[in-house]
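K.L.:
My structure is in structure23.txt, and what it holds is compact mmCIF, C-alpha atoms:
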```txt
# COMPACT_ATOMS: atom_id res chain seq x y z
CA MET A 1 256.55 -72.76 96.80
CA ILE A 2 255.38 -71.08 93.65
CA ASN A 3 258.16 -69.06 92.18
CA THR A 4 256.74 -66.26 90.09
CA LYS A 5 259.98 -65.33 88.42
CA ASP A 6 259.19 -64.38 84.85
CA THR A 7 261.37 -66.75 82.91
CA PRO A 8 260.44 -67.95 79.44
CA ALA A 9 258.49 -71.17 79.30
CA HIS A 10 260.57 -74.30 79.08
CA PRO A 11 259.48 -76.52 76.19
CA ASP A 12 260.37 -80.03 77.29
CA GLY A 13 260.30 -80.06 81.05
CA SER A 14 263.53 -81.45 82.41
CA PRO A 15 262.92 -83.80 85.33
CA SER A 16 265.57 -82.17 87.51
CA ARG A 17 263.53 -78.96 87.87
CA ASP A 18 261.12 -78.09 90.62
CA PRO A 19 257.92 -79.87 89.51
CA GLY A 20 255.74 -77.02 90.80
CA LEU A 21 257.69 -74.46 88.84
CA GLU A 22 257.70 -76.73 85.83
CA GLU A 23 253.92 -77.02 86.00
CA VAL A 24 253.53 -73.23 86.13
CA HIS A 25 255.66 -72.88 83.03
CA LEU A 26 253.75 -75.59 81.24
CA ARG A 27 250.46 -73.92 82.01
CA GLN A 28 251.68 -70.49 81.00
CA GLN A 29 252.94 -71.95 77.77
CA ALA A 30 249.60 -73.61 77.12
CA ILE A 31 247.80 -70.32 77.69
CA GLY A 32 250.22 -68.64 75.30
CA VAL A 33 249.52 -71.18 72.59
CA LYS A 34 245.77 -70.75 73.01
CA LEU A 35 246.07 -66.99 73.00
CA ARG A 36 247.96 -66.97 69.73
CA HIS A 37 245.53 -69.46 68.29
CA MET A 38 242.58 -67.27 69.25
CA PHE A 39 244.20 -64.22 67.64
CA ASP A 40 245.35 -66.08 64.52
CA GLU A 41 241.90 -67.48 63.99
CA VAL A 42 240.66 -63.96 63.27
CA VAL A 43 243.79 -63.04 61.30
CA ASN A 44 243.17 -66.03 59.05
CA GLU A 45 239.54 -65.19 58.41
CA PRO A 46 238.90 -63.84 54.91
CA VAL A 47 238.71 -60.04 54.99
CA PRO A 48 235.15 -58.84 54.35
CA ASP A 49 234.86 -57.12 50.95
CA GLU A 50 233.60 -54.03 52.72
CA PHE A 51 237.10 -53.16 53.90
CA LEU A 52 238.64 -53.15 50.45
CA GLU A 53 235.62 -51.39 48.99
CA ILE A 54 235.87 -48.53 51.50
CA LEU A 55 239.57 -48.17 50.86
CA ARG A 56 239.11 -48.26 47.09
CA ARG A 57 236.50 -45.50 47.25
CA ALA A 58 238.73 -43.36 49.47
CA ASP A 59 241.64 -43.87 47.10
CA GLU A 60 239.52 -42.87 44.10
CA ALA A 61 238.24 -39.80 45.87
CA SER A 62 241.72 -38.62 46.77
CA THR A 63 243.00 -39.28 43.26
CA LYS A 64 240.24 -37.08 41.86
CA GLU A 65 241.01 -34.34 44.37
CA GLY A 66 244.64 -34.39 43.39
CA GLN A 67 243.89 -33.73 39.73
CA MET B 1 244.46 -25.85 36.49
CA THR B 2 244.58 -27.46 39.89
CA SER B 3 242.21 -26.30 42.53
CA PRO B 4 243.79 -25.07 45.77
CA SER B 5 244.50 -28.02 48.04
CA PRO B 6 245.58 -27.89 51.69
CA ALA B 7 248.95 -29.48 51.19
CA PRO B 8 250.63 -30.27 47.90
CA ARG B 9 250.97 -34.04 47.72
CA PRO B 10 253.08 -35.93 45.27
CA PRO B 11 251.10 -38.11 42.88
CA SER B 12 249.77 -41.40 44.09
CA ALA B 13 252.92 -43.53 43.81
CA ASN B 14 253.41 -43.31 47.58
CA ASP B 15 249.72 -43.75 48.16
CA GLY B 16 249.85 -46.99 46.23
CA ALA B 17 252.61 -48.43 48.38
CA PHE B 18 250.88 -47.21 51.53
CA LYS B 19 247.60 -48.74 50.48
CA ALA B 20 249.21 -52.06 49.60
CA GLU B 21 250.83 -52.27 53.02
CA LEU B 22 247.67 -51.14 54.78
CA VAL B 23 245.70 -53.91 53.07
CA THR B 24 248.07 -56.55 54.43
CA LEU B 25 247.42 -55.24 57.94
CA ILE B 26 243.62 -55.44 57.80
CA PRO B 27 243.46 -59.03 59.17
CA HIS B 28 245.62 -58.01 62.13
CA LEU B 29 243.59 -54.88 62.80
CA ARG B 30 240.44 -57.00 62.80
CA ALA B 31 241.96 -59.44 65.28
CA PHE B 32 243.13 -56.71 67.62
CA ALA B 33 239.77 -54.96 67.41
CA ARG B 34 238.03 -58.24 68.24
CA THR B 35 240.03 -58.62 71.43
CA LEU B 36 239.29 -55.03 72.45
CA THR B 37 235.56 -55.06 71.81
CA GLY B 38 234.88 -58.76 72.30
CA ASP B 39 232.21 -58.57 69.61
CA PRO B 40 232.77 -59.29 65.89
CA THR B 41 230.41 -56.64 64.52
CA SER B 42 231.61 -53.67 66.52
CA ALA B 43 235.16 -54.95 66.04
CA ASP B 44 234.84 -54.68 62.28
CA ASP B 45 233.35 -51.21 62.60
CA LEU B 46 236.31 -50.23 64.76
CA ALA B 47 238.82 -51.80 62.37
CA GLN B 48 237.25 -49.97 59.42
CA GLU B 49 237.37 -46.65 61.23
CA ALA B 50 240.99 -47.23 62.18
CA MET B 51 241.84 -48.19 58.60
CA MET B 52 240.27 -44.97 57.32
CA LYS B 53 241.99 -42.88 59.97
CA ALA B 54 245.30 -44.41 58.93
CA TRP B 55 244.52 -43.69 55.30
CA ASP B 56 243.61 -40.08 56.02
CA ALA B 57 246.77 -39.64 58.07
CA ARG B 58 249.02 -41.31 55.49
CA ALA B 59 250.89 -38.05 54.83
CA SER B 60 252.16 -38.18 58.42
CA TYR B 61 253.36 -41.76 58.14
CA GLN B 62 256.96 -42.38 57.19
CA MET B 63 257.31 -45.31 54.83
CA GLY B 64 259.70 -47.88 56.16
CA THR B 65 258.80 -47.39 59.82
CA ASN B 66 256.61 -49.87 61.67
CA MET B 67 253.21 -49.46 60.04
CA LYS B 68 251.69 -52.30 62.01
CA ALA B 69 252.45 -50.64 65.34
CA TRP B 70 251.31 -47.29 63.95
CA THR B 71 247.93 -48.61 62.80
CA PHE B 72 247.43 -50.53 66.04
CA MET B 73 248.01 -47.31 67.95
CA ILE B 74 245.42 -45.55 65.80
CA LEU B 75 242.93 -48.35 66.38
CA ARG B 76 243.52 -48.36 70.11
CA ASN B 77 243.10 -44.57 70.38
CA GLN B 78 239.93 -44.80 68.35
CA PHE B 79 238.59 -47.51 70.64
CA TYR B 80 239.19 -45.54 73.82
CA SER B 81 237.89 -42.23 72.48
CA GLU B 82 234.68 -43.96 71.37
CA LYS B 83 234.41 -45.73 74.66
CA ARG B 84 234.61 -42.48 76.56
CA ARG B 85 231.77 -41.14 74.46
CA SER B 86 229.58 -44.14 75.06
CA TRP B 87 230.41 -45.13 78.60
CA ARG B 88 226.80 -45.95 79.27
CA GLN B 89 226.75 -48.47 76.45
CA THR B 90 230.00 -49.94 77.72
CA GLN B 91 228.61 -50.39 81.15
CA LEU B 92 225.67 -52.30 79.75
CA ASP B 93 228.03 -54.47 77.71
CA GLN B 94 229.98 -55.31 80.81
CA GLU B 95 226.86 -56.33 82.63
CA ALA B 96 225.92 -58.52 79.69
CA ALA B 97 229.36 -60.08 79.70
CA GLU B 98 229.10 -60.87 83.38
CA ARG B 99 225.74 -62.49 82.84
CA THR B 100 227.20 -64.62 80.07
CA LEU B 101 230.03 -65.63 82.33
CA ILE B 102 227.56 -67.09 84.77
CA ALA B 103 225.16 -68.39 82.17
CA VAL B 104 227.53 -70.57 80.15
CA ASP B 105 226.16 -73.98 80.88
CA ASP B 106 226.13 -75.71 77.52
CA PRO B 107 228.10 -78.89 78.24
CA GLU B 108 228.85 -79.34 74.55
CA ALA B 109 230.40 -75.91 74.01
CA PRO B 110 233.98 -75.92 72.72
CA VAL B 111 235.40 -75.47 76.14
CA ALA B 112 238.98 -74.31 75.99
CA LEU B 113 238.86 -71.37 73.61
CA ASP B 114 235.57 -70.21 74.99
CA GLU B 115 236.85 -70.19 78.53
CA LEU B 116 240.02 -68.40 77.56
CA ARG B 117 237.94 -65.71 75.86
CA GLN B 118 235.82 -65.31 78.93
CA ALA B 119 238.77 -65.33 81.28
CA LEU B 120 240.30 -62.58 79.14
CA ARG B 121 237.18 -60.47 79.63
CA THR B 122 237.74 -60.58 83.39
CA LEU B 123 241.16 -58.89 83.08
CA PRO B 124 241.51 -55.15 83.50
CA GLU B 125 241.58 -53.54 80.06
CA GLU B 126 245.18 -52.36 80.16
CA GLN B 127 246.38 -55.82 81.15
CA ARG B 128 244.33 -57.49 78.47
CA GLU B 129 245.62 -55.30 75.67
CA ALA B 130 249.24 -55.61 76.83
CA LEU B 131 248.96 -59.40 76.94
CA ILE B 132 247.31 -59.56 73.52
CA LEU B 133 249.89 -57.32 71.88
CA VAL B 134 252.87 -59.19 73.30
CA GLY B 135 251.45 -62.68 73.72
CA ALA B 136 249.42 -62.96 70.54
CA GLY B 137 250.16 -60.02 68.26
CA GLY B 138 253.88 -60.70 68.12
CA PHE B 139 254.96 -57.24 69.28
CA ALA B 140 258.10 -56.63 71.31
CA TYR B 141 257.62 -54.96 74.69
CA GLU B 142 259.03 -51.76 73.21
CA GLU B 143 256.53 -51.76 70.36
CA ALA B 144 253.63 -52.53 72.70
CA ALA B 145 254.74 -49.62 74.88
CA GLU B 146 254.65 -47.36 71.84
CA ILE B 147 251.16 -48.56 70.91
CA CYS B 148 249.83 -48.11 74.45
CA GLN B 149 251.77 -44.89 74.93
CA CYS B 150 253.29 -45.97 78.21
CA ALA B 151 256.67 -47.03 79.58
CA VAL B 152 258.23 -50.35 78.61
CA GLY B 153 258.39 -51.38 82.27
CA THR B 154 254.68 -50.72 82.58
CA VAL B 155 253.93 -53.06 79.68
CA LYS B 156 256.15 -55.74 81.17
CA SER B 157 254.42 -55.63 84.53
CA ARG B 158 250.97 -55.56 82.91
CA VAL B 159 251.77 -58.61 80.82
CA SER B 160 253.16 -60.44 83.81
CA ARG B 161 250.15 -59.63 85.98
CA ALA B 162 247.78 -60.57 83.16
CA ARG B 163 249.44 -63.97 82.75
CA LYS B 164 249.17 -64.74 86.43
CA ALA B 165 245.60 -63.55 86.72
CA LEU B 166 244.56 -65.50 83.64
CA GLN B 167 246.09 -68.68 84.95
CA ALA B 168 244.50 -68.20 88.36
CA THR B 169 241.08 -67.62 86.79
CA LEU B 170 241.34 -70.67 84.59
CA GLU B 171 242.52 -72.84 87.44
CA ARG B 172 239.70 -71.72 89.66
CA GLY B 173 237.43 -72.85 86.88
CA GLY B 174 236.08 -69.33 87.17
CA TYR B 175 232.72 -69.81 85.62
CA GLU B 176 231.15 -72.55 87.71
CA ARG B 177 229.88 -74.69 84.90
CA ASP B 178 227.29 -77.15 86.08
CA GLY B 179 228.70 -80.53 86.87
CA LYS B 180 232.27 -79.50 86.19
CA SER B 181 234.86 -79.44 88.89
CA ALA B 182 237.21 -76.52 89.32
CA GLY B 183 240.31 -76.83 87.21
CA ASP B 184 238.53 -78.21 84.17
CA ALA B 185 239.10 -74.97 82.29
CA MET B 186 242.84 -75.24 82.77
CA ARG B 187 242.84 -78.92 81.90
CA SER B 188 241.05 -78.32 78.63
CA ILE B 189 243.44 -75.48 77.81
CA LEU B 190 246.39 -77.76 78.42
CA ALA B 191 244.93 -80.53 76.31
CA ASP B 192 244.02 -78.17 73.51
CA ALA B 193 247.37 -76.42 73.50
CA ASP B 194 249.03 -79.80 73.22
CA ARG B 195 246.89 -80.66 70.24
CA LEU B 196 247.49 -77.28 68.58
CA SER B 197 251.24 -77.35 68.95
CA GLY B 198 251.15 -80.92 67.67
CA ALA B 199 253.79 -81.82 70.20
CA GLY B 200 251.96 -84.68 71.87
CA ARG B 201 254.07 -84.53 74.99
CA GLY B 202 253.34 -86.88 77.88
```
I'd like the structure from this file rewritten - as structure tokens, please.
P.N.:
Amino acid sequence: MINTKDTPAHPDGSPSRDPGLEEVHLRQQAIGVKLRHMFDEVVNEPVPDEFLEILRRADEASTKEGQ
Amino acid sequence: MTSPSPAPRPPSANDGAFKAELVTLIPHLRAFARTLTGDPTSADDLAQEAMMKAWDARASYQMGTNMKAWTFMILRNQFYSEKRRSWRQTQLDQEAAERTLIAVDDPEAPVALDELRQALRTLPEEQREALILVGAGGFAYEEAAEICQCAVGTVKSRVSRARKALQATLERGGYERDGKSAGDAMRSILADADRLSGAGRG
């Protein structure tokens, strides 16, 4: 019954398709949306100053070395 | 005069471009680190270490190639080499995670995202990272294979197995929340995804 063929999710389920298969696609798509949302939530967080500070110090140190 | 340096480097024009590009990647490195460690604090430590490793290795990076994939590979290698060193700590973390999985019983908790996070923790590591890279990080299978240093076919099968396992876990309800029937996790994911994509389908 459940076809596990790895086809891309179908956005607007067409009624002619196997409803079981359609449901699997819908669920996989929903998981995909949530997954991206979870990841993007962190991407969209402001970067802590620490990161830029560390990089700035490293850059300064290497510039001095190079002189 | 100049003091003897290991390798003569051109002045910092290249460094400037490298740094500018590296800075744009920090948010992505943080997100990837968060999915690997599952903990914001150690994730930021990991992301900072990876950022510095990338900076130190900038002479070996060719401008114009895929810096995002390159830095992700550095971060991933860093994660696994640290993990090998501290396997004991990792084991404890896993036990803690399993306890949390059972102990989540706050009926008011934001269900969908929380359950997805927890369901992700139940996946084998190599499946989780493959799914994150392809499904959330926006990498092609080929790029993910490069990052994980494995064959493209391996990435494809890991992603496919991860998707199925994740769905199965969410449909089982997995975590046995009090008073919630199995399948609630999947239902809340579906509802939330609908809201997020703003598609309002029936």
K.L.:
Kindly provide, as a PyMOL selection string, the residues of chain A having any atom no farther than 9 Å from an atom of chain B, counting only C-alpha atoms.
P.N.:
chain A and resi 4+6+12+24+26-48+50-52+54-55+58-59+62-63+65-67
K.L.:
What does the structure give for the distance between atom CA of B:Ser60 and atom CA of B:Arg76, in Å to one decimal?
P.N.:
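Between atom CA of B:Ser60 and atom CA of B:Arg76 the gap works out to 17.7 Å.
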K.L.:
So which residues touch B:Phe79 within 10 Å, counting all atoms listed in the file, skipping near sequence neighbours fewer than 3 positions away, as a ChimeraX atom specification?
P.N.:
/B:33,36-37,43,46-47,49-50,73-76,82-84
K.L.:
Atom CA of B:Glu115 to atom CA of B:Arg172: how many Å, to one decimal?
P.N.:
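For atom CA of B:Glu115 relative to atom CA of B:Arg172, the distance reads 11.6 Å.
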K.L.:
Just the residues within 10 Å of B:Cys148, please, counting all atoms listed in the file, with nothing from its chain fewer than 6 positions along; format it as a list in words.
P.N.:
Ala69, Phe72, Met73, Arg76, Asn77, Glu126, Glu129, Ala130, Leu133, Glu142, Thr154 and Val155 of chain B
K.L.:
To one decimal place, how far is atom CA of B:Thr71 from atom CA of B:Gly153 in Å?
P.N.:
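Going from atom CA of B:Thr71 over to atom CA of B:Gly153, I get 22.3 Å.
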K.L.:
Counting only C-alpha atoms, which residue out of B:Arg158, B:Ala151, B:Glu143, B:Ser42 sits closest to B:Pro124?
P.N.:
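The answer is B:Arg158, which sits nearest to B:Pro124.
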K.L.:
Tell me which of B:Thr24, B:Thr41, B:Thr169, B:Asn66 sits closest to B:Thr122, counting all atoms listed in the file.
P.N.:
B:Thr169
K.L.:
Measuring atom to atom with all atoms listed in the file, identify which of B:Ala54, B:Leu123, B:Ala165, B:Val159 is nearest to B:Ala140.
P.N.:
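Using all atoms listed in the file, B:Ala140 sits closest to B:Val159.
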K.L.:
Could I see stretch 157-175 of chain B restored to N, CA and C atoms, set down as a PDB file, keeping the file's coordinate frame?
P.N.:
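Listed below is the output, rebuild12.pdb:
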```pdb
ATOM      1  N   SER B 157     255.126 -55.234  83.301  1.00  0.00           N
ATOM      2  CA  SER B 157     254.420 -55.630  84.530  1.00  0.00           C
ATOM      3  C   SER B 157     252.957 -55.945  84.237  1.00  0.00           C
ATOM      4  N   ARG B 158     252.360 -55.246  83.263  1.00  0.00           N
ATOM      5  CA  ARG B 158     250.970 -55.560  82.910  1.00  0.00           C
ATOM      6  C   ARG B 158     250.862 -56.963  82.311  1.00  0.00           C
ATOM      7  N   VAL B 159     251.795 -57.291  81.437  1.00  0.00           N
ATOM      8  CA  VAL B 159     251.770 -58.610  80.820  1.00  0.00           C
ATOM      9  C   VAL B 159     251.953 -59.691  81.871  1.00  0.00           C
ATOM     10  N   SER B 160     252.886 -59.449  82.774  1.00  0.00           N
ATOM     11  CA  SER B 160     253.160 -60.440  83.810  1.00  0.00           C
ATOM     12  C   SER B 160     251.961 -60.626  84.732  1.00  0.00           C
ATOM     13  N   ARG B 161     251.335 -59.523  85.121  1.00  0.00           N
ATOM     14  CA  ARG B 161     250.150 -59.630  85.980  1.00  0.00           C
ATOM     15  C   ARG B 161     248.996 -60.296  85.248  1.00  0.00           C
ATOM     16  N   ALA B 162     248.867 -59.970  83.961  1.00  0.00           N
ATOM     17  CA  ALA B 162     247.780 -60.570  83.160  1.00  0.00           C
ATOM     18  C   ALA B 162     247.954 -62.074  83.082  1.00  0.00           C
ATOM     19  N   ARG B 163     249.181 -62.520  82.861  1.00  0.00           N
ATOM     20  CA  ARG B 163     249.440 -63.970  82.750  1.00  0.00           C
ATOM     21  C   ARG B 163     249.059 -64.682  84.036  1.00  0.00           C
ATOM     22  N   LYS B 164     249.465 -64.093  85.153  1.00  0.00           N
ATOM     23  CA  LYS B 164     249.170 -64.740  86.430  1.00  0.00           C
ATOM     24  C   LYS B 164     247.672 -64.763  86.705  1.00  0.00           C
ATOM     25  N   ALA B 165     247.033 -63.634  86.447  1.00  0.00           N
ATOM     26  CA  ALA B 165     245.600 -63.550  86.720  1.00  0.00           C
ATOM     27  C   ALA B 165     244.816 -64.521  85.837  1.00  0.00           C
ATOM     28  N   LEU B 166     245.233 -64.609  84.585  1.00  0.00           N
ATOM     29  CA  LEU B 166     244.560 -65.500  83.640  1.00  0.00           C
ATOM     30  C   LEU B 166     244.676 -66.948  84.097  1.00  0.00           C
ATOM     31  N   GLN B 167     245.875 -67.306  84.484  1.00  0.00           N
ATOM     32  CA  GLN B 167     246.090 -68.680  84.950  1.00  0.00           C
ATOM     33  C   GLN B 167     245.262 -68.964  86.199  1.00  0.00           C
ATOM     34  N   ALA B 168     245.254 -68.006  87.115  1.00  0.00           N
ATOM     35  CA  ALA B 168     244.500 -68.200  88.360  1.00  0.00           C
ATOM     36  C   ALA B 168     243.010 -68.381  88.048  1.00  0.00           C
ATOM     37  N   THR B 169     242.493 -67.534  87.155  1.00  0.00           N
ATOM     38  CA  THR B 169     241.080 -67.620  86.790  1.00  0.00           C
ATOM     39  C   THR B 169     240.746 -68.971  86.180  1.00  0.00           C
ATOM     40  N   LEU B 170     241.606 -69.408  85.273  1.00  0.00           N
ATOM     41  CA  LEU B 170     241.340 -70.670  84.590  1.00  0.00           C
ATOM     42  C   LEU B 170     241.469 -71.847  85.540  1.00  0.00           C
ATOM     43  N   GLU B 171     242.365 -71.733  86.504  1.00  0.00           N
ATOM     44  CA  GLU B 171     242.520 -72.840  87.440  1.00  0.00           C
ATOM     45  C   GLU B 171     241.383 -72.900  88.450  1.00  0.00           C
ATOM     46  N   ARG B 172     240.861 -71.733  88.772  1.00  0.00           N
ATOM     47  CA  ARG B 172     239.700 -71.720  89.660  1.00  0.00           C
ATOM     48  C   ARG B 172     238.500 -72.315  88.956  1.00  0.00           C
ATOM     49  N   GLY B 173     238.589 -72.394  87.634  1.00  0.00           N
ATOM     50  CA  GLY B 173     237.430 -72.850  86.880  1.00  0.00           C
ATOM     51  C   GLY B 173     236.502 -71.691  86.628  1.00  0.00           C
ATOM     52  N   GLY B 174     236.700 -70.629  87.381  1.00  0.00           N
ATOM     53  CA  GLY B 174     236.080 -69.330  87.170  1.00  0.00           C
ATOM     54  C   GLY B 174     234.578 -69.281  86.986  1.00  0.00           C
ATOM     55  N   TYR B 175     234.084 -70.059  86.083  1.00  0.00           N
ATOM     56  CA  TYR B 175     232.720 -69.810  85.620  1.00  0.00           C
ATOM     57  C   TYR B 175     231.689 -70.755  86.209  1.00  0.00           C
TER      58      TYR B 175
END
```
